[in-house]
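Listing of run26.txt; format and content: compact mmCIF, C-alpha atoms.
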# COMPACT_ATOMS: atom_id res chain seq x y z
CA MET P 188 0.00 0.00 0.00
CA SER P 189 1.26 3.47 -0.85
CA ASP P 190 -0.49 5.20 2.06
CA ALA P 191 -1.69 4.49 5.59
CA ARG P 192 -5.42 4.22 4.92
CA PRO P 193 -7.17 1.57 7.07
CA MET P 194 -7.93 -1.72 5.39
CA LYS P 195 -11.45 -2.20 4.16
CA ARG P 196 -13.11 -5.50 5.08
CA LEU P 197 -14.67 -7.92 2.59
CA LEU P 198 -16.88 -10.90 3.37
CA VAL P 199 -16.40 -13.47 0.60
CA VAL P 200 -19.07 -16.16 0.18
CA ALA P 201 -17.34 -19.06 -1.59
CA ASN P 202 -18.38 -22.69 -1.97
CA PRO P 203 -16.69 -24.92 -3.01
CA PHE P 204 -13.46 -23.79 -1.37
CA PRO P 205 -10.27 -25.59 -0.26
CA PRO P 206 -9.64 -28.16 1.03
CA MET P 207 -12.30 -29.26 -1.47
CA ALA P 208 -10.57 -29.75 -4.82
CA SER P 209 -12.35 -27.90 -7.61
CA ALA P 210 -11.16 -25.94 -10.63
CA GLY P 211 -13.85 -23.40 -9.77
CA THR P 212 -11.96 -22.28 -6.65
CA THR P 213 -8.97 -20.92 -8.58
CA ARG P 214 -10.46 -17.53 -9.48
CA VAL P 215 -11.51 -16.73 -5.92
CA VAL P 216 -8.28 -18.00 -4.33
CA ARG P 217 -6.22 -15.86 -6.70
CA PHE P 218 -8.19 -12.72 -5.87
CA LEU P 219 -7.92 -13.45 -2.15
CA ARG P 220 -4.15 -13.70 -2.52
CA HIS P 221 -3.84 -10.17 -3.94
CA LEU P 222 -6.72 -8.22 -2.39
CA PRO P 223 -4.74 -7.14 0.72
CA GLU P 224 -2.26 -5.38 -1.60
CA ARG P 225 -5.25 -3.31 -2.78
CA GLY P 226 -6.48 -2.39 0.68
CA TRP P 227 -9.05 -5.16 1.26
CA GLU P 228 -8.90 -7.66 4.11
CA PRO P 229 -11.01 -10.73 3.20
CA THR P 230 -12.90 -13.15 5.43
CA VAL P 231 -14.24 -16.27 3.70
CA LEU P 232 -17.65 -17.75 4.51
CA THR P 233 -17.73 -21.30 3.20
CA ALA P 234 -18.73 -24.89 3.95
CA ARG P 235 -17.09 -27.47 6.16
CA ALA P 236 -15.29 -29.74 3.75
CA GLU P 237 -12.59 -32.33 3.30
CA GLY P 238 -10.23 -32.78 0.41
CA PRO P 239 -6.67 -32.62 -0.90
CA ALA P 240 -6.49 -28.97 -1.97
CA PRO P 241 -4.20 -26.76 0.15
CA VAL P 242 -6.04 -24.17 2.23
CA PRO P 243 -4.64 -20.65 1.69
CA SER P 244 -2.48 -19.63 4.64
CA GLY P 245 -3.04 -16.49 6.68
CA LEU P 246 -6.69 -16.27 5.67
CA ARG P 247 -9.61 -16.04 8.07
CA ILE P 248 -12.21 -18.69 7.19
CA ALA P 249 -15.65 -19.24 8.76
CA ARG P 250 -17.23 -22.61 7.93
CA ALA P 251 -20.90 -23.56 8.15
CA PRO P 252 -22.11 -27.19 8.05
CA ALA P 253 -22.95 -28.62 4.63
CA PRO P 254 -25.49 -31.39 5.35
CA VAL P 255 -25.36 -32.90 1.86
CA PRO P 256 -24.96 -36.70 1.47
CA ALA P 257 -21.51 -37.41 0.06
CA PRO P 258 -22.77 -39.51 -2.89
CA LEU P 259 -24.69 -36.48 -4.19
CA LEU P 260 -21.50 -34.43 -4.33
CA ARG P 261 -19.83 -36.87 -6.70
CA SER P 262 -19.97 -36.29 -10.42
CA GLY P 263 -21.99 -38.74 -12.47
CA ARG P 264 -25.22 -38.92 -14.41
CA ARG P 265 -27.26 -40.52 -11.64
CA SER P 266 -26.25 -38.07 -8.92
CA THR P 267 -26.70 -35.15 -11.35
CA ARG P 268 -30.28 -36.20 -12.13
CA VAL P 269 -31.10 -36.57 -8.43
CA ASN P 270 -29.58 -33.17 -7.65
CA GLN P 271 -31.55 -31.47 -10.43
CA TRP P 272 -34.81 -32.80 -9.00
CA LEU P 273 -34.12 -32.18 -5.31
CA PHE P 274 -32.08 -29.00 -5.04
CA VAL P 275 -32.65 -25.41 -6.17
CA PRO P 276 -30.37 -23.74 -7.06
CA ASP P 277 -27.78 -26.53 -6.61
CA VAL P 278 -26.70 -29.44 -4.44
CA TYR P 279 -25.49 -27.04 -1.71
CA ALA P 280 -29.00 -25.74 -1.02
CA PRO P 281 -28.96 -27.47 2.43
CA TRP P 282 -25.85 -25.42 3.29
CA VAL P 283 -27.64 -22.12 2.69
CA PRO P 284 -29.51 -21.75 6.05
CA GLY P 285 -26.41 -22.43 8.15
CA ALA P 286 -24.31 -20.12 5.98
CA ILE P 287 -26.87 -17.32 6.33
CA LEU P 288 -26.95 -17.80 10.11
CA LEU P 289 -23.16 -17.70 10.41
CA GLY P 290 -22.88 -14.77 8.01
CA SER P 291 -25.55 -12.84 9.91
CA ARG P 292 -23.60 -13.27 13.13
CA LEU P 293 -20.43 -11.99 11.49
CA LEU P 294 -22.19 -8.95 10.05
CA ALA P 295 -23.96 -8.21 13.34
CA THR P 296 -20.77 -8.19 15.40
CA GLU P 297 -18.14 -6.87 12.97
CA ARG P 298 -17.77 -4.16 10.36
CA PHE P 299 -17.69 -5.23 6.73
CA ASP P 300 -17.51 -2.79 3.84
CA ALA P 301 -18.64 -5.13 1.06
CA LEU P 302 -19.84 -8.64 0.19
CA PHE P 303 -18.53 -10.74 -2.70
CA SER P 304 -19.78 -14.08 -4.05
CA SER P 305 -18.70 -16.02 -7.13
CA SER P 306 -20.77 -18.72 -8.85
CA PRO P 307 -21.31 -21.18 -10.75
CA ARG P 308 -22.59 -22.67 -7.47
CA ALA P 309 -25.52 -20.26 -7.34
CA SER P 310 -26.20 -21.09 -3.68
CA VAL P 311 -23.43 -18.61 -2.81
CA HIS P 312 -25.45 -15.86 -4.49
CA VAL P 313 -28.53 -16.83 -2.47
CA VAL P 314 -26.55 -16.56 0.77
CA ALA P 315 -24.97 -13.25 -0.23
CA ALA P 316 -28.30 -11.78 -1.40
CA VAL P 317 -29.96 -12.53 1.94
CA LEU P 318 -27.01 -11.10 3.86
CA ALA P 319 -27.00 -7.97 1.68
CA ARG P 320 -30.73 -7.48 2.28
CA GLN P 321 -30.34 -7.91 6.04
CA SER P 322 -27.24 -5.76 6.50
CA ALA P 323 -27.43 -3.13 3.73
CA VAL P 324 -23.79 -3.91 2.94
CA PRO P 325 -23.11 -3.56 -0.82
CA TRP P 326 -22.80 -6.90 -2.60
CA LEU P 327 -20.88 -7.81 -5.77
CA ALA P 328 -22.25 -10.91 -7.56
CA ASP P 329 -19.59 -12.54 -9.75
CA TYR P 330 -20.53 -14.92 -12.59
CA ARG P 331 -18.03 -17.46 -13.95
CA ASP P 332 -20.82 -19.32 -15.78
CA PRO P 333 -24.45 -18.42 -16.43
CA TRP P 334 -27.01 -19.52 -13.85
CA THR P 335 -30.40 -20.16 -15.42
CA THR P 336 -29.13 -20.29 -19.03
CA TYR P 337 -26.08 -22.49 -18.41
CA GLN P 338 -25.62 -24.76 -21.43
CA PHE P 339 -25.27 -27.96 -19.36
CA ARG P 340 -28.19 -27.33 -16.98
CA ARG P 341 -31.18 -29.59 -17.56
CA TYR P 342 -34.46 -28.73 -15.86
CA PRO P 343 -36.54 -31.76 -14.85
CA THR P 344 -39.80 -29.78 -15.16
CA PRO P 345 -41.01 -26.31 -16.18
CA ALA P 346 -41.57 -25.65 -12.49
CA HIS P 347 -37.86 -26.16 -11.81
CA ARG P 348 -36.97 -23.75 -14.62
CA GLU P 349 -39.32 -21.11 -13.24
CA ALA P 350 -37.98 -21.56 -9.69
CA HIS P 351 -34.43 -20.90 -10.89
CA ARG P 352 -35.54 -17.90 -12.97
CA ARG P 353 -37.41 -16.28 -10.10
CA LEU P 354 -34.67 -16.99 -7.58
CA GLU P 355 -31.98 -15.48 -9.79
CA ALA P 356 -34.04 -12.32 -10.34
CA TRP P 357 -34.77 -12.03 -6.60
CA CYS P 358 -31.08 -12.32 -5.76
CA LEU P 359 -29.81 -9.89 -8.39
CA ARG P 360 -32.21 -7.15 -7.25
CA ARG P 361 -30.15 -7.11 -4.04
CA ALA P 362 -26.80 -6.75 -5.87
CA ALA P 363 -24.98 -3.43 -5.90
CA ALA P 364 -22.90 -4.63 -8.87
CA VAL P 365 -22.46 -7.68 -11.09
CA THR P 366 -19.31 -8.94 -12.78
CA ALA P 367 -18.90 -11.70 -15.36
CA VAL P 368 -15.84 -13.35 -16.83
CA ASN P 369 -16.80 -12.42 -20.39
CA ARG P 370 -19.15 -10.22 -22.42
CA PRO P 371 -21.59 -12.94 -23.62
CA ILE P 372 -22.45 -13.90 -20.03
CA LEU P 373 -22.96 -10.24 -19.12
CA ASP P 374 -25.07 -9.53 -22.21
CA ASP P 375 -27.28 -12.51 -21.37
CA LEU P 376 -27.79 -11.20 -17.83
CA LEU P 377 -28.64 -7.70 -19.06
CA ALA P 378 -31.11 -9.04 -21.62
CA ARG P 379 -33.00 -10.92 -18.90
CA HIS P 380 -32.54 -8.47 -16.01
CA THR P 381 -32.67 -4.96 -17.44
CA PHE P 382 -32.65 -3.43 -13.94
CA LEU P 383 -28.91 -4.27 -13.80
CA ARG P 384 -28.00 -1.63 -16.39
CA GLY P 385 -25.35 0.75 -15.13
CA ARG P 386 -23.90 -1.64 -12.56
CA THR P 387 -22.31 -4.45 -14.58
CA HIS P 388 -18.67 -5.09 -15.47
CA VAL P 389 -16.61 -7.61 -17.40
CA LEU P 390 -13.91 -8.95 -15.05
CA THR P 391 -12.05 -11.66 -16.91
CA ASN P 392 -10.13 -14.59 -15.56
CA GLY P 393 -6.38 -14.39 -15.75
CA PHE P 394 -3.07 -15.90 -14.70
CA ASP P 395 -0.85 -15.47 -11.68
CA PRO P 396 2.87 -15.62 -12.56
CA GLY P 397 3.80 -16.15 -8.91
CA GLU P 398 2.19 -19.59 -8.64
CA ALA P 399 4.33 -22.69 -8.11
CA VAL P 400 5.07 -24.80 -11.19
CA GLU P 401 6.13 -28.44 -10.94
CA GLU P 402 8.92 -29.66 -13.21
CA VAL P 403 7.46 -32.25 -15.62
CA ASP P 404 9.05 -34.41 -18.33
CA LEU P 405 6.60 -35.91 -20.81
CA GLY P 406 9.21 -38.01 -22.59
CA PRO P 407 10.04 -38.21 -26.30
CA GLY P 408 7.59 -37.09 -28.94
CA LEU P 409 5.52 -34.06 -29.87
CA TRP P 410 3.04 -33.80 -27.03
CA PHE P 411 -0.32 -32.04 -26.98
CA VAL P 412 -1.53 -31.29 -23.43
CA HIS P 413 -5.13 -30.63 -22.41
CA THR P 414 -5.88 -29.74 -18.79
CA GLY P 415 -9.35 -29.56 -17.25
CA ARG P 416 -12.76 -31.14 -17.70
CA LEU P 417 -14.28 -32.28 -20.99
CA TYR P 418 -17.89 -32.51 -19.84
CA GLY P 419 -20.19 -31.95 -22.82
CA ARG P 420 -17.27 -31.75 -25.25
CA GLU P 421 -16.83 -35.42 -26.08
CA GLU P 422 -17.79 -34.95 -29.74
CA GLN P 423 -15.10 -32.32 -30.34
CA THR P 424 -12.57 -34.46 -28.44
CA ALA P 425 -13.40 -37.47 -30.61
CA ALA P 426 -12.85 -35.35 -33.74
CA PHE P 427 -9.43 -34.31 -32.43
CA LEU P 428 -8.49 -37.92 -31.67
CA ALA P 429 -9.54 -39.01 -35.15
CA ALA P 430 -7.29 -36.31 -36.65
CA LEU P 431 -4.48 -37.29 -34.27
CA ALA P 432 -4.69 -40.91 -35.42
CA ARG P 433 -3.77 -39.80 -38.97
CA LEU P 434 -0.54 -38.14 -37.82
CA PRO P 435 2.87 -39.82 -37.30
CA ALA P 436 3.22 -42.01 -34.24
CA ASP P 437 5.45 -39.54 -32.40
CA VAL P 438 2.55 -37.05 -32.11
CA LYS P 439 0.85 -37.78 -28.78
CA ALA P 440 -1.64 -36.27 -26.33
CA VAL P 441 -2.19 -36.22 -22.59
CA PHE P 442 -5.53 -35.27 -21.02
CA VAL P 443 -5.30 -34.14 -17.41
CA GLY P 444 -8.09 -33.90 -14.87
CA VAL P 445 -10.68 -35.77 -16.94
CA ASP P 446 -12.69 -38.93 -16.44
CA ASP P 447 -10.90 -41.72 -18.30
CA SER P 448 -14.21 -42.86 -19.82
CA ARG P 449 -14.49 -39.60 -21.79
CA VAL P 450 -11.27 -40.24 -23.72
CA ARG P 451 -9.97 -43.80 -23.42
CA PRO P 452 -12.70 -45.76 -25.29
CA GLU P 453 -12.44 -43.56 -28.41
CA ALA P 454 -8.63 -43.55 -28.26
CA ASP P 455 -8.59 -47.35 -28.07
CA ARG P 456 -11.10 -47.66 -30.91
CA LEU P 457 -8.78 -45.57 -33.09
CA GLY P 458 -5.78 -47.70 -32.14
CA LEU P 459 -3.94 -44.83 -30.48
CA GLY P 460 -2.72 -46.94 -27.56
CA ASP P 461 0.00 -45.24 -25.53
CA ARG P 462 -0.08 -42.21 -27.84
CA VAL P 463 -2.90 -40.97 -25.60
CA ARG P 464 -2.52 -40.70 -21.83
CA VAL P 465 -5.14 -39.74 -19.27
CA GLU P 466 -4.29 -38.41 -15.81
CA PRO P 467 -6.82 -37.80 -13.03
CA LEU P 468 -7.22 -34.50 -11.19
CA VAL P 469 -3.74 -33.31 -10.21
CA PRO P 470 -2.44 -30.50 -7.99
CA HIS P 471 -2.46 -27.13 -9.69
CA ALA P 472 1.34 -26.90 -9.73
CA ARG P 473 1.53 -30.14 -11.74
CA SER P 474 -1.16 -28.93 -14.13
CA LEU P 475 0.90 -25.78 -14.81
CA GLY P 476 4.02 -27.90 -15.19
CA LEU P 477 2.35 -30.13 -17.77
CA GLN P 478 1.31 -27.08 -19.76
CA ARG P 479 4.90 -25.86 -19.85
CA ALA P 480 6.25 -29.33 -20.73
CA ALA P 481 3.94 -29.56 -23.76
CA SER P 482 4.98 -29.10 -27.36
CA ALA P 483 1.51 -27.64 -27.94
CA LEU P 484 -1.69 -27.13 -25.96
CA LEU P 485 -5.18 -28.32 -26.83
CA LEU P 486 -8.21 -26.15 -26.01
CA VAL P 487 -11.66 -27.74 -26.42
CA ASN P 488 -14.48 -25.25 -25.86
CA GLY P 489 -18.22 -25.67 -25.69
CA ARG P 490 -20.47 -24.52 -28.51
CA ARG P 491 -22.00 -21.48 -26.79
CA PRO P 492 -20.58 -17.94 -27.20
CA GLU P 493 -19.73 -17.66 -23.50
CA ALA P 494 -17.82 -20.95 -23.44
CA MET P 495 -14.28 -20.14 -22.33
CA SER P 496 -12.44 -22.05 -19.65
CA SER P 497 -10.20 -20.11 -17.29
CA LYS P 498 -7.33 -22.37 -18.35
CA VAL P 499 -7.00 -20.46 -21.64
CA PHE P 500 -5.20 -17.72 -19.69
CA GLU P 501 -2.81 -20.27 -18.18
CA TYR P 502 -2.24 -21.65 -21.68
CA LEU P 503 -1.34 -18.20 -22.96
CA GLN P 504 1.02 -17.62 -20.04
CA ALA P 505 2.73 -20.96 -20.74
CA GLY P 506 3.83 -19.53 -24.08
CA LYS P 507 3.16 -22.70 -26.10
CA PRO P 508 1.26 -22.87 -29.42
CA ILE P 509 -2.46 -23.54 -28.89
CA PHE P 510 -4.74 -25.62 -31.12
CA ALA P 511 -8.23 -24.37 -30.20
CA ILE P 512 -11.58 -25.96 -31.05
CA SER P 513 -14.03 -23.10 -30.52
CA PRO P 514 -17.11 -21.70 -32.30
CA ARG P 515 -16.97 -18.48 -34.29
CA GLY P 516 -17.96 -15.41 -32.29
CA SER P 517 -17.10 -17.04 -28.96
CA ALA P 518 -15.38 -15.21 -26.12
CA ALA P 519 -12.42 -17.59 -26.43
CA ARG P 520 -11.95 -16.81 -30.13
CA GLU P 521 -12.02 -13.08 -29.48
CA LEU P 522 -9.43 -13.42 -26.73
CA LEU P 523 -7.14 -15.55 -28.88
CA ALA P 524 -7.50 -13.12 -31.79
CA ASP P 525 -6.45 -10.26 -29.50
CA THR P 526 -3.49 -12.03 -27.91
CA GLY P 527 -2.33 -14.34 -30.70
CA GLY P 528 -0.83 -17.70 -29.87
CA ALA P 529 -3.45 -20.02 -31.39
CA VAL P 530 -4.82 -21.69 -34.46
CA CYS P 531 -8.61 -21.98 -34.18
CA VAL P 532 -11.01 -24.41 -35.83
CA THR P 533 -14.77 -24.65 -35.36
CA PRO P 534 -16.26 -27.76 -33.72
CA ASP P 535 -17.84 -28.98 -36.97
CA GLU P 536 -15.19 -28.34 -39.59
CA PRO P 537 -12.82 -31.07 -40.85
CA MET P 538 -9.91 -31.19 -38.41
CA ALA P 539 -7.29 -33.46 -39.97
CA GLY P 540 -5.87 -30.89 -42.40
CA PRO P 541 -5.64 -27.97 -39.96
CA LEU P 542 -4.13 -30.19 -37.26
CA ALA P 543 -1.50 -31.60 -39.62
CA ALA P 544 -0.55 -28.09 -40.77
CA PHE P 545 -0.38 -26.93 -37.14
CA VAL P 546 1.92 -29.83 -36.22
CA ASP P 547 4.21 -29.00 -39.16
CA ARG P 548 4.51 -25.42 -37.89
CA VAL P 549 5.29 -26.60 -34.37
CA ARG P 550 7.99 -28.98 -35.64
CA ALA P 551 9.54 -26.12 -37.60
CA GLY P 552 9.56 -23.87 -34.54
CA GLU P 553 7.01 -21.59 -36.19
CA GLY P 554 3.98 -22.29 -34.02
CA PRO P 555 1.90 -19.25 -33.00
CA ARG P 556 2.95 -17.46 -29.83
CA ALA P 557 0.95 -15.05 -27.68
CA ASP P 558 2.02 -11.40 -27.57
CA ALA P 559 3.42 -10.63 -24.11
CA GLY P 560 2.19 -7.04 -24.20
CA ALA P 561 -1.36 -8.13 -24.97
CA LEU P 562 -1.31 -10.51 -21.98
CA ALA P 563 -0.37 -7.88 -19.39
CA CYS P 564 -3.95 -6.86 -18.59
CA TYR P 565 -4.81 -10.46 -17.65
CA GLU P 566 -2.17 -10.70 -14.93
CA LEU P 567 -3.83 -11.18 -11.52
CA ARG P 568 -2.45 -8.07 -9.89
CA SER P 569 -3.96 -5.98 -12.69
CA LEU P 570 -7.30 -7.81 -12.45
CA THR P 571 -7.35 -7.50 -8.66
CA GLU P 572 -6.79 -3.75 -8.96
CA ARG P 573 -9.87 -3.63 -11.18
CA LEU P 574 -11.86 -5.72 -8.70
CA ALA P 575 -10.84 -3.43 -5.84
CA GLY P 576 -12.00 -0.42 -7.85
CA ILE P 577 -15.41 -2.00 -8.44
CA LEU P 578 -15.75 -2.80 -4.73
CA GLU P 579 -14.82 0.78 -3.82
CA ASP P 580 -17.41 2.28 -6.17
CA MET P 581 -20.36 0.07 -5.20
CA ARG P 582 -23.49 1.63 -3.74
CA VAL P 583 -26.33 -0.23 -2.06
CA PRO P 584 -29.49 -0.26 -4.26
CA GLN P 585 -32.06 2.36 -3.22
CA HIS P 586 -34.78 -0.13 -2.27
CA ILE P 587 -32.40 -1.79 0.22
CA ARG P 588 -31.28 1.58 1.64
CA ASP P 589 -34.95 2.45 2.15
CA ARG P 590 -35.44 -0.69 4.24
CA ALA P 591 -32.36 -0.10 6.41
Can the structure in the file be given as structure tokens, please?
Amino acid sequence: MSDARPMKRLLVVANPFPPMASAGTTRVVRFLRHLPERGWEPTVLTARAEGPAPVPSGLRIARAPAPVPAPLLRSGRRSTRVNQWLFVPDVYAPWVPGAILLGSRLLATERFDALFSSSPRASVHVVAAVLARQSAVPWLADYRDPWTTYQFRRYPTPAHREAHRRLEAWCLRRAAAVTAVNRPILDDLLARHTFLRGRTHVLTNGFDPGEAVEEVDLGPGLWFVHTGRLYGREEQTAAFLAALARLPADVKAVFVGVDDSRVRPEADRLGLGDRVRVEPLVPHARSLGLQRAASALLLVNGRRPEAMSSKVFEYLQAGKPIFAISPRGSAARELLADTGGAVCVTPDEPMAGPLAAFVDRVRAGEGPRADAGALACYELRSLTERLAGILEDMRVPQHIRDRA
């Protein structure tokens, strides 16, 4: 800090959160790491949890019980169907009452200058909305994925769809500001909730150059590396594998943090054998190390305009050529066009020719590389400065001030 101003205090509603392992925790943990440099002291309100992820040190954390049966927290078609029927807005709905109670106690006994919650677990927005309504503390709702229009959400009945729609609108009327990781998500919100106009911001994901990176050796060959989930992208992955099978045997691929069943059967059918490896969820430092050990990186996006995994920023930081499967007009394509570093194909176009040409460029040392200057605005310190500015400028909505 450049002056002696007192630290402002931020109550962050985050679930999942370490020690629970989830790629969705990365954005929040990175912001928490840098917010004190920008004058904000965070306290995290989350769920009691177990898991392998390291809990950030030096951070105050308040945990409320999460009375959700463990089998329902596991990924899988059966548990997903049960969750969609039973829980609105998500499987952590039973955690909401305890989180509200604990948050209310914190707000009643301590001073907080702002609230912050980050979905896609929309239950955090429900908790934060209630706390904002009770306390008249300004709340920033952060969207990493859409809520009611999320491409992978399936509503069991029209009544479920309407319940989500009404709950989202109720929550957002309590928000002092809303951020989203890209413009398509924000445009969708504004189209459905016009009352948000004038208090929305794009706050992208990014990369943190200070994070630990594990040294990794992939062995001989030209290796593509893909890190992160492939849920809903099996068709595009199969098209990549089919194109890979037509290339020389020294061109290989490793998929990290994915269910083996989403890759292995198709790889075996194509006779790829040990040219394709699958690793389960790994610590973040190893994931970053695998990206840096790659000859090239594979990005497989969804088909919707907002589809853009946060790992694309890590890919760009790694400085390796990217082969991206992404629809035209998507947020990912716009980012890659601005920064360079990638060859893009659409999910439905023939892939063998473009992939072969890409591999030839990589072998020749002429693969595309991101422009370092264009990446600077996606560094976490820069993004956290923007977040701090949004928090500073927030004002409680008039209808909540009138109730206070």
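Interatomic distance, atom CA of P:Pro203 to atom CA of P:Ser306: 9.4 Å.
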Just want the 9 Å neighbourhood of P:Val317, counted on only C-alpha atoms, with same-chain residues fewer than 5 positions away dropped. Output as a list of chain:residue names. P:Ile287, P:His312, P:Ser322, P:Cys358, P:Arg361
For P:Leu457, please output as a list in words all residues within 9 Å (counting only C-alpha atoms; exclusion window: fewer than 4 positions along the same chain). Leu428, Ala429, Ala432, Pro452 and Glu453 of chain P
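Among the candidates P:Val438, P:Ala454, P:Ala529, P:Val412, the residue lying nearest to P:Leu477 is P:Val412 (atoms considered: only C-alpha atoms).
From atom CA of P:His388 back to atom CA of P:Thr366, the distance works out to 4.7 Å.
Ranking P:Pro514, P:Pro252, P:Gly238, P:Pro205 by their shortest atom-to-atom distance to P:Val283, with all atoms listed in the file included, puts P:Pro252 first.
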Spatial neighbours of P:Asn369, max dist 10 Å, all atoms listed in the file, sep filter under 5 positions, as a list in words: Tyr330, Arg331, Asp332, Asp374, His388, Val389, Leu390, Thr391, Asn392, Pro492, Glu493, Ala494, Met495, Ser517, Ala518, Ala519 and Leu522 of chain P
Export of prior selection with C-alpha atoms as a CSV table (one decimal), in the coordinates of the input:
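New file selection.csv:
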chain,number,residue,atom,x,y,z
P,330,TYR,CA,-20.5,-14.9,-12.6
P,331,ARG,CA,-18.0,-17.5,-14.0
P,332,ASP,CA,-20.8,-19.3,-15.8
P,374,ASP,CA,-25.1,-9.5,-22.2
P,388,HIS,CA,-18.7,-5.1,-15.5
P,389,VAL,CA,-16.6,-7.6,-17.4
P,390,LEU,CA,-13.9,-9.0,-15.0
P,391,THR,CA,-12.0,-11.7,-16.9
P,392,ASN,CA,-10.1,-14.6,-15.6
P,492,PRO,CA,-20.6,-17.9,-27.2
P,493,GLU,CA,-19.7,-17.7,-23.5
P,494,ALA,CA,-17.8,-21.0,-23.4
P,495,MET,CA,-14.3,-20.1,-22.3
P,517,SER,CA,-17.1,-17.0,-29.0
P,518,ALA,CA,-15.4,-15.2,-26.1
P,519,ALA,CA,-12.4,-17.6,-26.4
P,522,LEU,CA,-9.4,-13.4,-26.7
Given all atoms listed in the file as the counted atoms, nearest of P:Asp277, P:Asp395, P:Glu536, P:Glu572 to P:Ala472: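 Using all atoms listed in the file, P:Ala472 sits closest to P:Asp395.
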Which residues, written as an mmCIF file with C-alpha atoms, in the frame of the given file, have at least one atom at most 9 Å from P:Phe299, with only C-alpha atoms counted and residues fewer than 2 positions away on the same chain left out?
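Result saved to result-v7.cif:
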data_model
loop_
_atom_site.group_PDB
_atom_site.id
_atom_site.type_symbol
_atom_site.label_atom_id
_atom_site.label_comp_id
_atom_site.auth_asym_id
_atom_site.auth_seq_id
_atom_site.Cartn_x
_atom_site.Cartn_y
_atom_site.Cartn_z
ATOM 1 C CA LYS P 195 -11.450 -2.200 4.160
ATOM 2 C CA ARG P 196 -13.110 -5.500 5.080
ATOM 3 C CA LEU P 197 -14.670 -7.920 2.590
ATOM 4 C CA LEU P 198 -16.880 -10.900 3.370
ATOM 5 C CA LEU P 293 -20.430 -11.990 11.490
ATOM 6 C CA LEU P 294 -22.190 -8.950 10.050
ATOM 7 C CA GLU P 297 -18.140 -6.870 12.970
ATOM 8 C CA ALA P 301 -18.640 -5.130 1.060
ATOM 9 C CA LEU P 302 -19.840 -8.640 0.190
ATOM 10 C CA VAL P 324 -23.790 -3.910 2.940
#
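Note that atom CA of P:Gln504 and atom CA of P:Asp525 are 14.1 Å apart.
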Counting all atoms listed in the file, the option among P:Arg462, P:Arg341, P:Arg214, P:Arg320 closest to P:Val269: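 Closest candidate: P:Arg341.
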Taking (-14.9, -26.3, 6.2) in the coordinates of the supplied file, I want to know which residues reach to within 7 Å of it, counting only C-alpha atoms; could you give the answer as a PDB file with C-alpha atoms, in the coordinates of the input?
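Result file result15.pdb:
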ATOM      1  CA  THR P 233     -17.730 -21.300   3.200  1.00  0.00           C
ATOM      2  CA  ALA P 234     -18.730 -24.890   3.950  1.00  0.00           C
ATOM      3  CA  ARG P 235     -17.090 -27.470   6.160  1.00  0.00           C
ATOM      4  CA  ALA P 236     -15.290 -29.740   3.750  1.00  0.00           C
ATOM      5  CA  ARG P 250     -17.230 -22.610   7.930  1.00  0.00           C
ATOM      6  CA  ALA P 251     -20.900 -23.560   8.150  1.00  0.00           C
TER       7      ALA P 251
END
If we count only C-alpha atoms, what is near P:Arg353 at a cut-off of 12 Å, once residues fewer than 4 positions away on the same chain are taken out, given as a PyMOL selection string? chain P and resi 275-276+313+334-335+346-349+357-360+379-380
Could you tell me, as a list in words, which residues have any atom at most 12 Å from (-5.4, -6.7, 0.0), counting all atoms listed in the file?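 Final list of nearby residues, as requested, is Met188, Arg192, Pro193, Met194, Lys195, Arg196, Leu197, Arg217, Phe218, Leu219, Arg220, His221, Leu222, Pro223, Glu224, Arg225, Gly226, Trp227, Glu228, Pro229, Thr230, Leu246, Arg568, Thr571, Glu572, Leu574 and Ala575 of chain P.
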Please produce, as a tab-separated table, a per-residue contact table for stretch 383-466 of chain P versus stretch 485-490 of chain P (criterion: any atom at most 10 Å away, all atoms listed in the file considered), showing the nearest atom pair and its distance in Å to one decimal, sorted by chain then residue number.
residue	atom	partner	partner_atom	distance
P:Trp410	CA	P:Leu485	CA	9.9
P:Phe411	CA	P:Leu485	CA	6.1
P:Val412	CA	P:Leu485	CA	5.8
P:His413	CA	P:Leu485	CA	5.0
P:Thr414	CA	P:Leu485	CA	8.2
P:Gly415	CA	P:Leu486	CA	9.5
P:Arg416	CA	P:Val487	CA	9.4
P:Leu417	CA	P:Val487	CA	7.5
P:Tyr418	CA	P:Gly489	CA	9.0
P:Gly419	CA	P:Gly489	CA	7.2
P:Arg420	CA	P:Gly489	CA	6.2
P:Glu421	CA	P:Val487	CA	9.3
P:Gln423	CA	P:Val487	CA	6.9
P:Thr424	CA	P:Val487	CA	7.1
P:Phe427	CA	P:Val487	CA	9.2
P:Ala440	CA	P:Leu485	CA	8.7
P:Val441	CA	P:Leu485	CA	9.5
P:Phe442	CA	P:Leu485	CA	9.1
